[in-house]
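Presented below is the structure to which this report refers.
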Amino acid sequence: MLIIFTLPYLVWRVFRTEYYAPLVVVQIIAGILLGPGVLGAAFPDYYTFVFNPQVIGALNGIAWWAVMIFVWVAGIELDLKQAWQARGETGITAGLALAMPLAFGSLAAMVMLNFDGWIGVEGARWQVVLGIGMACAVTALPILVLFLEKLAILRQPLGQRILRYASLDDLAIWGLLALILLDWDRIGRQGGFLVAFTLAAFAIRALMRRLPERDRWYVGLLWLAACGFAADWAGLHFMVGAFLSGAVLDSDWFDRTQMDRFRDHILLAIMPVFFLSTGLRTQWDVGGVMVFGAAALLLVASVAGKLAGVHLAGRILGWKKGEASIIGWLLQTKALIMIIFANILLDKQIITSATFTAVLLMAVGSTMLSIPVVTPRLRRLADMVDKSGQLSGSGVRGDRSS
């Protein structure tokens, strides 16, 4: 724990990486460096001494509970009401921002699968292709919120638009994950889970409306644990249950300030353990050059696909000059949700550790590009707006049609 909290903090503070790598990104990179592929290769005896099976078991327990809570909060914060109110513009943008990188990423995956070492022992070719494609398409909503706050546009119209697009894509990604994890041997269990969850969701919503806010937090955590357990029993994954348990709860039932603080405390106190445990799962089984080559290919597919999709949406909806580029680059933030997504695929042995390492490197790279690329573009856009200081409303034709 001393290593987990000390090393990333010192790097972040001493080298002042905040502009291109916020603390959470530094923590993810530190996890990779402390994993078997780097520290384990350079100092195998020390690595075996520090990260012995008992330590790894304890860390994984903390890590998975931390990330379950984090995903639960992300589900609560999905604002689908706002997305529905602007469904025309949101549907076009979110659809293209998801479909294009999914297609590009799937093509990159097909190239990778011409070589051995990328498909897990329980994975089918279509699952790996779709899984890697989704890894290229995902946008990490919690990291996006942090970046929008950093850029001071979270509460402005542009920031709210970006959140709408990311929210809809987030929902689609978890749906596709459920499809990838579909187990025909346990299809009865999975169908039973979905039916039971739907009925239980109506009951929990009715109960939550009647509870004081203080009790909602505790009952919400009970609901989270129950959904995670039931989803895992059904053969999906407890993380799918965690997301669903939050998605059916209304953010209006919780104080926004308390929710922000709760998310920040989770990020501060226990999520670094998840980042470290993620790094401990990285491997370079098919050779370092191959892994880095695959990561570079996926990064190009991810960035190009997302930018192409958003620019096409901007042309269709008649956005102002410069908006599509800003939105496209901010939607590149993948780190947290993509890492959770990849961990699930690795946990289910659909992908190998080498595939996991490649998509993890891609996620870190795309996230680190966002702030440096967006900041000057945002300044140029700010110079073009009127004296009111508002960074543009919604997409011109898109909002009128919706």
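Identifiers for the structure tokens are assigned positionally: chains receive A, B, ... in sequence, residues are indexed from 1 per chain, and ligands are indexed from 1 in the order shown.
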
Checklist entry - Can you list every residue in region 30-270 of chain A that DSSP puts in helix (DSSP H, G or I), as an NGL selection string? => result :A and (30-33 or 39-42 or 44-50 or 53-77 or 80-85 or 87-112 or 125-137 or 141-150 or 157-180 or 184-210 or 213-234 or 238-247 or 251-253 or 256-269)

Checklist entry - What's the 10 Å shell around region 63-79 of chain A, counting only C-alpha atoms, without same-chain residues fewer than 6 positions away, as a ChimeraX atom specification? => result /A:57,140-142,160,163-164,166-168,170-171,220-221,223-225,228,238-254,256,259-260,262-264,266-267,269-278,336-337,340

Next on the checklist: Please report the interatomic distance between CA of Ala301 (chain A) and CA of Met362 (chain A) in Å with one decimal.
Outcome noted: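 A separation of 9.8 Å between them.
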
Checklist entry - Near Gly133 (chain A), within 6 Å and counting only C-alpha atoms, which residues show up once chain neighbours fewer than 5 positions away are dropped, as JSON, numbers by chain? => result {"A": [102, 105, 106]}

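Pairwise distance (CA of Asn114 (chain A), CA of Thr333 (chain A)) equals 28.4 Å.
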
Checklist outcome for this item: From the list A:Asn343, A:Gln349, A:Gln82, A:Gln332, the nearest residue to Gly365 (chain A) using only C-alpha atoms is A:Gln332

Checklist outcome for this item: Using only C-alpha atoms, the best pick from A:Leu268, A:Phe15, A:Leu148, A:Gly328 as closest to Val310 (chain A) would be A:Gly328

Checklist entry - Looking at only C-alpha atoms, which of A:Ile29, A:Leu361, A:Leu236, A:Leu98 is the one that sits closest to Ile180 (chain A)? => result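 Residue with the minimum atom-to-atom distance to Ile180 (chain A): A:Leu236.
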
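When only C-alpha atoms are used to measure the gap to Leu381 (chain A), the shortest distance among A:Leu194, A:Leu158, A:Ala178, A:Ala21 belongs to A:Leu158.
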
Next on the checklist: Using only C-alpha atoms, can you tell me which of A:Val14, A:Ala363, A:Leu378, A:Val128 comes closest to Ala296 (chain A)?
Outcome noted: A:Ala363
